[in-house]
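J.: Enclosed is the structure file coords.pdb (PDB, C-alpha atoms, pLDDT in the B column).
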```pdb
ATOM      1  CA  MET A   1     103.250  13.950 -43.453  1.00 36.00           C
ATOM      2  CA  PRO A   2      99.995  15.313 -41.935  1.00 42.00           C
ATOM      3  CA  ASP A   3      98.625  18.595 -43.177  1.00 48.00           C
ATOM      4  CA  GLY A   4      98.758  21.518 -40.738  1.00 46.00           C
ATOM      5  CA  ASN A   5      95.203  22.525 -41.659  1.00 50.00           C
ATOM      6  CA  ASN A   6      93.926  19.144 -40.497  1.00 52.00           C
ATOM      7  CA  ASP A   7      95.583  19.711 -37.114  1.00 50.00           C
ATOM      8  CA  ASP A   8      93.842  23.078 -36.811  1.00 51.00           C
ATOM      9  CA  ASP A   9      90.500  21.441 -37.650  1.00 52.00           C
ATOM     10  CA  ASP A  10      91.070  18.826 -34.968  1.00 55.00           C
ATOM     11  CA  ASP A  11      91.796  21.537 -32.395  1.00 58.00           C
ATOM     12  CA  THR A  12      88.754  23.638 -33.364  1.00 68.00           C
ATOM     13  CA  PRO A  13      85.973  21.272 -34.503  1.00 69.00           C
ATOM     14  CA  TRP A  14      83.453  23.989 -33.579  1.00 73.00           C
ATOM     15  CA  ALA A  15      84.778  26.440 -36.194  1.00 72.00           C
ATOM     16  CA  LYS A  16      82.364  25.374 -38.941  1.00 76.00           C
ATOM     17  CA  ASP A  17      79.385  25.492 -36.572  1.00 73.00           C
ATOM     18  CA  LEU A  18      80.423  28.956 -35.412  1.00 75.00           C
ATOM     19  CA  GLN A  19      80.715  30.189 -38.985  1.00 77.00           C
ATOM     20  CA  ARG A  20      77.227  28.863 -39.759  1.00 77.00           C
ATOM     21  CA  HIS A  21      75.708  30.485 -36.651  1.00 74.00           C
ATOM     22  CA  CYS A  22      77.459  33.789 -37.401  1.00 76.00           C
ATOM     23  CA  THR A  23      76.007  33.737 -40.911  1.00 77.00           C
ATOM     24  CA  ILE A  24      72.470  33.226 -39.570  1.00 76.00           C
ATOM     25  CA  PHE A  25      72.656  35.663 -36.624  1.00 79.00           C
ATOM     26  CA  THR A  26      74.695  38.470 -38.145  1.00 80.00           C
ATOM     27  CA  ASP A  27      72.981  41.168 -36.059  1.00 80.00           C
ATOM     28  CA  ARG A  28      73.847  39.506 -32.737  1.00 80.00           C
ATOM     29  CA  VAL A  29      77.419  38.886 -33.782  1.00 79.00           C
ATOM     30  CA  SER A  30      77.971  42.427 -35.062  1.00 79.00           C
ATOM     31  CA  GLN A  31      76.552  43.943 -31.858  1.00 80.00           C
ATOM     32  CA  TYR A  32      77.801  41.576 -29.148  1.00 81.00           C
ATOM     33  CA  GLY A  33      80.575  39.544 -30.768  1.00 77.00           C
ATOM     34  CA  VAL A  34      81.225  35.824 -30.292  1.00 79.00           C
ATOM     35  CA  ASN A  35      81.775  33.772 -27.153  1.00 77.00           C
ATOM     36  CA  ILE A  36      85.506  33.219 -27.647  1.00 77.00           C
ATOM     37  CA  LEU A  37      88.227  34.481 -25.358  1.00 76.00           C
ATOM     38  CA  PRO A  38      91.300  35.945 -27.054  1.00 75.00           C
ATOM     39  CA  PRO A  39      94.104  33.365 -27.131  1.00 73.00           C
ATOM     40  CA  ALA A  40      96.779  33.713 -24.498  1.00 75.00           C
ATOM     41  CA  LYS A  41      99.993  35.145 -25.873  1.00 80.00           C
ATOM     42  CA  THR A  42     102.652  32.457 -25.997  1.00 81.00           C
ATOM     43  CA  LYS A  43     106.395  32.809 -26.323  1.00 84.00           C
ATOM     44  CA  SER A  44     108.117  32.019 -29.582  1.00 85.00           C
ATOM     45  CA  PHE A  45     111.045  29.604 -29.822  1.00 86.00           C
ATOM     46  CA  LEU A  46     113.453  32.552 -30.025  1.00 87.00           C
ATOM     47  CA  GLN A  47     112.031  34.113 -26.845  1.00 87.00           C
ATOM     48  CA  LEU A  48     112.360  30.807 -25.004  1.00 87.00           C
ATOM     49  CA  LEU A  49     115.929  30.528 -26.273  1.00 87.00           C
ATOM     50  CA  LEU A  50     116.777  33.993 -24.954  1.00 88.00           C
ATOM     51  CA  ASP A  51     115.150  33.217 -21.594  1.00 87.00           C
ATOM     52  CA  ALA A  52     117.236  30.055 -21.302  1.00 86.00           C
ATOM     53  CA  CYS A  53     120.396  32.038 -21.976  1.00 86.00           C
ATOM     54  CA  LYS A  54     119.571  34.291 -19.014  1.00 87.00           C
ATOM     55  CA  ASP A  55     119.975  31.426 -16.571  1.00 86.00           C
ATOM     56  CA  LYS A  56     122.780  32.199 -14.084  1.00 88.00           C
ATOM     57  CA  PHE A  57     124.402  28.794 -14.494  1.00 88.00           C
ATOM     58  CA  ILE A  58     124.417  29.164 -18.289  1.00 87.00           C
ATOM     59  CA  ILE A  59     125.939  32.639 -17.987  1.00 87.00           C
ATOM     60  CA  LEU A  60     128.647  31.242 -15.694  1.00 88.00           C
ATOM     61  CA  LEU A  61     129.439  28.492 -18.203  1.00 86.00           C
ATOM     62  CA  ASP A  62     129.585  31.036 -21.032  1.00 85.00           C
ATOM     63  CA  ILE A  63     132.089  33.164 -19.114  1.00 88.00           C
ATOM     64  CA  ALA A  64     134.205  30.110 -18.304  1.00 87.00           C
ATOM     65  CA  ALA A  65     134.101  29.021 -21.960  1.00 85.00           C
ATOM     66  CA  LEU A  66     135.168  32.441 -23.233  1.00 86.00           C
ATOM     67  CA  VAL A  67     138.011  32.649 -20.742  1.00 87.00           C
ATOM     68  CA  SER A  68     139.180  29.141 -21.628  1.00 85.00           C
ATOM     69  CA  LEU A  69     138.877  29.890 -25.348  1.00 83.00           C
ATOM     70  CA  ALA A  70     140.834  33.143 -25.030  1.00 84.00           C
ATOM     71  CA  ILE A  71     143.631  31.456 -23.069  1.00 83.00           C
ATOM     72  CA  GLY A  72     143.729  28.578 -25.554  1.00 81.00           C
ATOM     73  CA  ILE A  73     143.990  30.901 -28.554  1.00 80.00           C
ATOM     74  CA  TYR A  74     146.749  32.872 -26.832  1.00 79.00           C
ATOM     75  CA  GLN A  75     148.679  29.669 -26.146  1.00 76.00           C
ATOM     76  CA  ASP A  76     148.278  28.580 -29.766  1.00 71.00           C
ATOM     77  CA  VAL A  77     149.429  31.836 -31.365  1.00 74.00           C
ATOM     78  CA  ARG A  78     152.427  32.528 -29.150  1.00 70.00           C
ATOM     79  CA  VAL A  79     155.795  31.316 -30.346  1.00 55.00           C
ATOM     80  CA  THR A  80     157.628  28.949 -27.994  1.00 59.00           C
ATOM     81  CA  GLY A  81     160.332  26.398 -28.350  1.00 52.00           C
ATOM     82  CA  SER A  82     158.284  23.582 -26.784  1.00 57.00           C
ATOM     83  CA  PRO A  83     156.852  21.028 -29.246  1.00 55.00           C
ATOM     84  CA  GLU A  84     153.705  20.583 -27.093  1.00 55.00           C
ATOM     85  CA  ASP A  85     152.834  24.289 -27.451  1.00 53.00           C
ATOM     86  CA  ASN A  86     153.046  24.071 -31.235  1.00 55.00           C
ATOM     87  CA  GLU A  87     150.154  21.595 -31.556  1.00 63.00           C
ATOM     88  CA  ASN A  88     147.557  24.456 -31.734  1.00 67.00           C
ATOM     89  CA  VAL A  89     144.815  22.539 -29.885  1.00 72.00           C
ATOM     90  CA  HIS A  90     144.509  24.555 -26.703  1.00 73.00           C
ATOM     91  CA  TRP A  91     141.367  26.310 -27.971  1.00 78.00           C
ATOM     92  CA  VAL A  92     139.419  23.030 -28.195  1.00 82.00           C
ATOM     93  CA  GLU A  93     138.476  22.942 -24.498  1.00 83.00           C
ATOM     94  CA  GLY A  94     136.802  26.364 -24.530  1.00 82.00           C
ATOM     95  CA  PHE A  95     135.105  25.653 -27.858  1.00 85.00           C
ATOM     96  CA  ALA A  96     133.777  22.330 -26.521  1.00 86.00           C
ATOM     97  CA  ILE A  97     132.179  24.125 -23.566  1.00 86.00           C
ATOM     98  CA  ILE A  98     130.491  26.605 -25.919  1.00 87.00           C
ATOM     99  CA  VAL A  99     129.131  23.770 -28.084  1.00 89.00           C
ATOM    100  CA  ALA A 100     127.834  21.901 -25.025  1.00 89.00           C
ATOM    101  CA  VAL A 101     126.085  25.030 -23.700  1.00 89.00           C
ATOM    102  CA  ALA A 102     124.529  25.698 -27.115  1.00 89.00           C
ATOM    103  CA  VAL A 103     123.208  22.128 -27.323  1.00 91.00           C
ATOM    104  CA  VAL A 104     121.752  22.224 -23.798  1.00 90.00           C
ATOM    105  CA  VAL A 105     120.071  25.598 -24.346  1.00 90.00           C
ATOM    106  CA  THR A 106     118.654  24.624 -27.748  1.00 90.00           C
ATOM    107  CA  VAL A 107     117.282  21.258 -26.595  1.00 91.00           C
ATOM    108  CA  GLY A 108     115.772  22.765 -23.444  1.00 89.00           C
ATOM    109  CA  SER A 109     114.112  25.592 -25.385  1.00 89.00           C
ATOM    110  CA  LEU A 110     112.772  23.148 -27.968  1.00 91.00           C
ATOM    111  CA  ASN A 111     111.238  20.984 -25.233  1.00 91.00           C
ATOM    112  CA  ASP A 112     109.616  24.035 -23.622  1.00 89.00           C
ATOM    113  CA  TYR A 113     108.246  25.138 -26.996  1.00 89.00           C
ATOM    114  CA  GLN A 114     106.732  21.710 -27.672  1.00 90.00           C
ATOM    115  CA  LYS A 115     105.193  21.648 -24.187  1.00 88.00           C
ATOM    116  CA  GLU A 116     103.548  25.033 -24.765  1.00 86.00           C
ATOM    117  CA  ARG A 117     102.108  23.834 -28.067  1.00 86.00           C
ATOM    118  CA  GLN A 118     100.753  20.679 -26.435  1.00 85.00           C
ATOM    119  CA  PHE A 119      99.292  22.734 -23.583  1.00 84.00           C
ATOM    120  CA  GLN A 120      97.488  24.940 -26.097  1.00 80.00           C
ATOM    121  CA  LYS A 121      96.031  21.893 -27.831  1.00 79.00           C
ATOM    122  CA  LEU A 122      94.857  20.408 -24.521  1.00 79.00           C
ATOM    123  CA  ASN A 123      93.161  23.685 -23.595  1.00 74.00           C
ATOM    124  CA  ALA A 124      91.482  23.820 -26.992  1.00 71.00           C
ATOM    125  CA  LYS A 125      90.160  20.277 -26.582  1.00 73.00           C
ATOM    126  CA  LYS A 126      89.018  21.034 -23.032  1.00 70.00           C
ATOM    127  CA  ASP A 127      86.900  23.909 -24.334  1.00 71.00           C
ATOM    128  CA  CYS A 128      85.320  21.716 -27.027  1.00 75.00           C
ATOM    129  CA  ARG A 129      82.092  20.939 -25.203  1.00 80.00           C
ATOM    130  CA  LYS A 130      78.441  21.381 -26.040  1.00 83.00           C
ATOM    131  CA  VAL A 131      75.679  23.070 -24.043  1.00 83.00           C
ATOM    132  CA  ARG A 132      71.912  22.783 -24.167  1.00 87.00           C
ATOM    133  CA  VAL A 133      70.197  26.032 -25.090  1.00 87.00           C
ATOM    134  CA  VAL A 134      66.826  27.307 -26.192  1.00 87.00           C
ATOM    135  CA  ARG A 135      67.115  29.520 -29.263  1.00 84.00           C
ATOM    136  CA  ASN A 136      64.123  30.908 -31.167  1.00 82.00           C
ATOM    137  CA  GLY A 137      61.857  28.609 -29.139  1.00 81.00           C
ATOM    138  CA  ALA A 138      63.726  25.420 -30.074  1.00 83.00           C
ATOM    139  CA  GLU A 139      65.975  23.413 -27.771  1.00 85.00           C
ATOM    140  CA  MET A 140      69.311  22.384 -29.262  1.00 83.00           C
ATOM    141  CA  MET A 141      72.858  21.322 -28.431  1.00 86.00           C
ATOM    142  CA  ILE A 142      75.520  23.733 -29.635  1.00 83.00           C
ATOM    143  CA  PRO A 143      79.273  24.194 -29.026  1.00 84.00           C
ATOM    144  CA  ILE A 144      80.013  26.577 -26.157  1.00 83.00           C
ATOM    145  CA  GLN A 145      81.717  28.933 -28.637  1.00 82.00           C
ATOM    146  CA  CYS A 146      78.415  29.321 -30.532  1.00 81.00           C
ATOM    147  CA  LEU A 147      76.568  30.603 -27.461  1.00 82.00           C
ATOM    148  CA  MET A 148      75.131  34.052 -28.143  1.00 84.00           C
ATOM    149  CA  VAL A 149      73.360  36.843 -26.329  1.00 84.00           C
ATOM    150  CA  GLY A 150      69.641  36.024 -26.252  1.00 81.00           C
ATOM    151  CA  ASP A 151      70.061  32.268 -25.874  1.00 85.00           C
ATOM    152  CA  ILE A 152      68.518  30.579 -22.835  1.00 87.00           C
ATOM    153  CA  LEU A 153      71.058  28.219 -21.302  1.00 88.00           C
ATOM    154  CA  ASN A 154      69.821  25.154 -19.406  1.00 88.00           C
ATOM    155  CA  ILE A 155      72.244  24.085 -16.686  1.00 87.00           C
ATOM    156  CA  GLU A 156      72.554  21.041 -14.446  1.00 88.00           C
ATOM    157  CA  PRO A 157      75.098  19.577 -11.975  1.00 88.00           C
ATOM    158  CA  GLY A 158      78.558  19.214 -13.468  1.00 86.00           C
ATOM    159  CA  ASP A 159      78.173  21.995 -16.028  1.00 86.00           C
ATOM    160  CA  VAL A 160      80.876  24.657 -16.231  1.00 86.00           C
ATOM    161  CA  LEU A 161      79.428  27.970 -17.312  1.00 87.00           C
ATOM    162  CA  GLY A 162      80.923  29.321 -20.501  1.00 83.00           C
ATOM    163  CA  ALA A 163      79.535  32.855 -20.181  1.00 84.00           C
ATOM    164  CA  ASP A 164      78.231  35.325 -17.609  1.00 87.00           C
ATOM    165  CA  ALA A 165      74.477  35.083 -17.199  1.00 87.00           C
ATOM    166  CA  VAL A 166      71.465  35.980 -15.053  1.00 89.00           C
ATOM    167  CA  VAL A 167      69.232  33.289 -13.547  1.00 89.00           C
ATOM    168  CA  ILE A 168      65.753  33.133 -15.094  1.00 88.00           C
ATOM    169  CA  HIS A 169      64.435  30.337 -12.901  1.00 87.00           C
ATOM    170  CA  SER A 170      66.088  27.703 -10.758  1.00 85.00           C
ATOM    171  CA  SER A 171      65.484  24.797  -8.406  1.00 85.00           C
ATOM    172  CA  ASN A 172      67.902  24.515  -5.463  1.00 87.00           C
ATOM    173  CA  LEU A 173      70.701  25.804  -7.684  1.00 88.00           C
ATOM    174  CA  LYS A 174      74.175  26.158  -6.177  1.00 88.00           C
ATOM    175  CA  CYS A 175      77.462  27.000  -7.883  1.00 88.00           C
ATOM    176  CA  ASP A 176      81.115  26.665  -6.953  1.00 87.00           C
ATOM    177  CA  GLU A 177      82.937  29.960  -7.630  1.00 85.00           C
ATOM    178  CA  SER A 178      86.113  29.157  -5.697  1.00 84.00           C
ATOM    179  CA  SER A 179      88.287  29.259  -8.809  1.00 81.00           C
ATOM    180  CA  LEU A 180      87.092  32.798  -9.550  1.00 81.00           C
ATOM    181  CA  THR A 181      86.429  34.512  -6.225  1.00 81.00           C
ATOM    182  CA  GLY A 182      88.176  32.267  -3.703  1.00 80.00           C
ATOM    183  CA  GLU A 183      84.875  31.670  -1.912  1.00 76.00           C
ATOM    184  CA  SER A 184      84.977  28.074  -0.680  1.00 79.00           C
ATOM    185  CA  ASP A 185      81.265  27.819   0.122  1.00 81.00           C
ATOM    186  CA  ALA A 186      78.747  27.018  -2.578  1.00 83.00           C
ATOM    187  CA  ILE A 187      76.776  30.084  -3.646  1.00 84.00           C
ATOM    188  CA  LYS A 188      73.012  29.772  -3.830  1.00 87.00           C
ATOM    189  CA  LYS A 189      71.569  31.081  -7.100  1.00 87.00           C
ATOM    190  CA  LYS A 190      68.015  32.282  -7.608  1.00 86.00           C
ATOM    191  CA  SER A 191      66.198  34.505 -10.024  1.00 84.00           C
ATOM    192  CA  TYR A 192      66.008  38.209  -9.244  1.00 82.00           C
ATOM    193  CA  GLU A 193      62.220  37.986  -8.815  1.00 83.00           C
ATOM    194  CA  ASP A 194      62.522  35.142  -6.288  1.00 81.00           C
ATOM    195  CA  ILE A 195      65.110  37.087  -4.275  1.00 79.00           C
ATOM    196  CA  LEU A 196      62.887  40.190  -4.210  1.00 80.00           C
ATOM    197  CA  GLU A 197      59.939  38.101  -3.096  1.00 78.00           C
ATOM    198  CA  GLU A 198      61.929  36.564  -0.262  1.00 76.00           C
ATOM    199  CA  ARG A 199      63.091  40.038   0.772  1.00 75.00           C
ATOM    200  CA  ARG A 200      59.492  41.149   1.092  1.00 76.00           C
ATOM    201  CA  HIS A 201      58.640  38.147   3.250  1.00 74.00           C
ATOM    202  CA  MET A 202      61.670  38.809   5.449  1.00 71.00           C
ATOM    203  CA  LYS A 203      60.672  42.457   5.888  1.00 67.00           C
ATOM    204  CA  LEU A 204      57.097  41.549   6.763  1.00 65.00           C
ATOM    205  CA  SER A 205      58.118  38.826   9.193  1.00 67.00           C
ATOM    206  CA  GLU A 206      60.687  41.003  10.964  1.00 60.00           C
ATOM    207  CA  GLY A 207      58.555  44.121  10.867  1.00 55.00           C
ATOM    208  CA  SER A 208      61.531  46.400  10.172  1.00 53.00           C
ATOM    209  CA  ASN A 209      62.973  48.339   7.291  1.00 53.00           C
ATOM    210  CA  HIS A 210      66.276  46.686   6.510  1.00 53.00           C
ATOM    211  CA  ASP A 211      68.383  47.909   3.670  1.00 54.00           C
ATOM    212  CA  ASP A 212      67.888  45.752   0.566  1.00 52.00           C
ATOM    213  CA  SER A 213      71.615  45.246   0.048  1.00 52.00           C
ATOM    214  CA  LEU A 214      71.986  43.969   3.623  1.00 50.00           C
ATOM    215  CA  LEU A 215      69.101  41.588   3.147  1.00 49.00           C
ATOM    216  CA  LEU A 216      70.655  40.244  -0.010  1.00 48.00           C
ATOM    217  CA  HIS A 217      73.942  39.687   1.795  1.00 49.00           C
ATOM    218  CA  GLU A 218      72.237  37.998   4.725  1.00 48.00           C
ATOM    219  CA  HIS A 219      70.202  35.814   2.411  1.00 50.00           C
ATOM    220  CA  HIS A 220      73.387  34.856   0.559  1.00 64.00           C
ATOM    221  CA  ALA A 221      71.611  34.273  -2.750  1.00 75.00           C
ATOM    222  CA  GLU A 222      72.560  35.853  -6.033  1.00 82.00           C
ATOM    223  CA  PRO A 223      70.921  36.075  -9.450  1.00 86.00           C
ATOM    224  CA  PHE A 224      74.252  36.395 -11.286  1.00 88.00           C
ATOM    225  CA  LEU A 225      76.212  33.482 -12.751  1.00 87.00           C
ATOM    226  CA  LEU A 226      79.913  33.877 -13.507  1.00 87.00           C
ATOM    227  CA  SER A 227      81.697  32.341 -16.453  1.00 85.00           C
ATOM    228  CA  GLY A 228      83.957  29.526 -15.269  1.00 84.00           C
ATOM    229  CA  SER A 229      81.896  28.638 -12.194  1.00 86.00           C
ATOM    230  CA  LYS A 230      80.663  25.054 -11.812  1.00 88.00           C
ATOM    231  CA  VAL A 231      77.143  23.896 -11.056  1.00 89.00           C
ATOM    232  CA  ILE A 232      77.275  21.500  -8.108  1.00 89.00           C
ATOM    233  CA  GLN A 233      73.603  21.199  -7.200  1.00 87.00           C
ATOM    234  CA  GLY A 234      70.184  21.820  -8.690  1.00 88.00           C
ATOM    235  CA  VAL A 235      69.047  22.864 -12.143  1.00 87.00           C
ATOM    236  CA  GLY A 236      68.087  26.103 -13.765  1.00 87.00           C
ATOM    237  CA  SER A 237      67.918  28.319 -16.812  1.00 87.00           C
ATOM    238  CA  CYS A 238      69.769  31.529 -17.442  1.00 85.00           C
TER     239      CYS A 238
END
```
Once you've parsed the file, please lay out its structure as structure tokens.
T.:
Amino acid sequence: MPDGNNDDDDDTPWAKDLQRHCTIFTDRVSQYGVNILPPAKTKSFLQLLLDACKDKFIILLDIAALVSLAIGIYQDVRVTGSPEDNENVHWVEGFAIIVAVAVVVTVGSLNDYQKERQFQKLNAKKDCRKVRVVRNGAEMMIPIQCLMVGDILNIEPGDVLGADAVVIHSSNLKCDESSLTGESDAIKKKSYEDILEERRHMKLSEGSNHDDSLLLHEHHAEPFLLSGSKVIQGVGSC
């Protein structure tokens, strides 16, 4: 029988790396924390069982079973002269319905519980990816959970950002933020200095004093990168 601790290690292979990084960079961790989202609260087996019992069809079957059971018990305890009424088996039909409902509810809740556990494991494996960063002047590959404030993250097409960041420099960088903001168009990303420089050129060429916020909106470039967005074009550092 496999050990439960081994299953946890398989789901979080980055845990040892994170512990090592936290030991080295204690100041960063104490001030900013780690790059791990709190786990989503999942329902226990008992909660799933109670939710299944709230189904209208199950409630209807329960009422029918209780009524049938009550009538069967009444028929069994009453005294009659008929031999068929003295067999004391009228309660079986209602009891059988109760047993069937209990089996259906239990099996359905157990399946839902197993699916939630499997979904959690798939999400954990999906998040087990490495990113290329520059830390203390050295380039390295680290798990996304070990990313810390102060690291310089190098991004390229296909990367999914694991943290919010600000562009340091970029080359034709565009990101897809549709899953976060609903914006279907790719968002151009540039460093704050490059955007300011382009604003100045736009002001000089147009010879007018536009508001900076309007120019930024018209230019449709941003220096901010959102966690969960996907790089679809270009490269950059943030």
J.: Can you list, as a ChimeraX atom specification, the residues that the PyMOL selection byres ((chain A and resi 22) around 12) selects here?
T.: /A:15-21,23-35,145-148
J.: Translate the PyMOL selection byres ((chain A and resi 117-130) around 7), as applied to the file shown, into an explicit residue set as a list in words.
T.: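 Against this file, the PyMOL selection byres ((chain A and resi 117-130) around 7) returns the residues Asp11, Thr12, Tyr113, Gln114, Lys115, Glu116, Val131, Arg132, Met141, Ile142, Pro143 and Ile144 of chain A.
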J.: Take the residues from that selection and write them out as a PDB file, in the coordinates of the input, keeping C-alpha atoms.
T.:
```
ATOM      1  CA  ASP A  11      91.796  21.537 -32.395  1.00 58.00           C
ATOM      2  CA  THR A  12      88.754  23.638 -33.364  1.00 68.00           C
ATOM      3  CA  TYR A 113     108.246  25.138 -26.996  1.00 89.00           C
ATOM      4  CA  GLN A 114     106.732  21.710 -27.672  1.00 90.00           C
ATOM      5  CA  LYS A 115     105.193  21.648 -24.187  1.00 88.00           C
ATOM      6  CA  GLU A 116     103.548  25.033 -24.765  1.00 86.00           C
ATOM      7  CA  VAL A 131      75.679  23.070 -24.043  1.00 83.00           C
ATOM      8  CA  ARG A 132      71.912  22.783 -24.167  1.00 87.00           C
ATOM      9  CA  MET A 141      72.858  21.322 -28.431  1.00 86.00           C
ATOM     10  CA  ILE A 142      75.520  23.733 -29.635  1.00 83.00           C
ATOM     11  CA  PRO A 143      79.273  24.194 -29.026  1.00 84.00           C
ATOM     12  CA  ILE A 144      80.013  26.577 -26.157  1.00 83.00           C
TER      13      ILE A 144
END
```
J.: Just give me the residues with any atom within 8 Å of (69.0, 37.3, -10.8), file coordinates, counting all atoms listed in the file, written as number ranges by chain.
T.: A: 166-168, 189-193, 195, 222-224
J.: In Å, how far is it from CA of Ser170 (chain A) to CA of Gly234 (chain A)?
T.: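 Separation of CA of Ser170 (chain A) and CA of Gly234 (chain A): 7.5 Å.
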J.: Using all atoms listed in the file, find the one residue out of A:Gly72, A:Lys41, A:Val105, A:Ala96 that sits nearest to Ile59 (chain A).
T.: A:Val105
J.: For the point (136.6, 25.0, -27.8) in file coordinates, what residues are within 12 Å, counting all atoms listed in the file? Give the answer as a ChimeraX atom specification?
T.: /A:62,64-73,88-101
J.: Rounded to one decimal, what separation in Å do you get between CA of Thr42 (chain A) and CA of Ala102 (chain A)?
T.: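 According to the coordinates, CA of Thr42 (chain A) and CA of Ala102 (chain A) are separated by 22.9 Å.
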J.: Calculated over all atoms listed in the file, which of the candidates A:Ala40, A:Asn154, A:Ala221, A:Arg135 has the smallest distance to Leu196 (chain A)?
T.: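 Of A:Ala40, A:Asn154, A:Ala221, A:Arg135, the one nearest Leu196 (chain A) is A:Ala221, counting all atoms listed in the file.
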J.: One decimal, in Å: what's the spacing between CA of Val235 (chain A) and CA of Ala165 (chain A)?
T.: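 One can read the CA of Val235 (chain A) to CA of Ala165 (chain A) distance as 14.3 Å.
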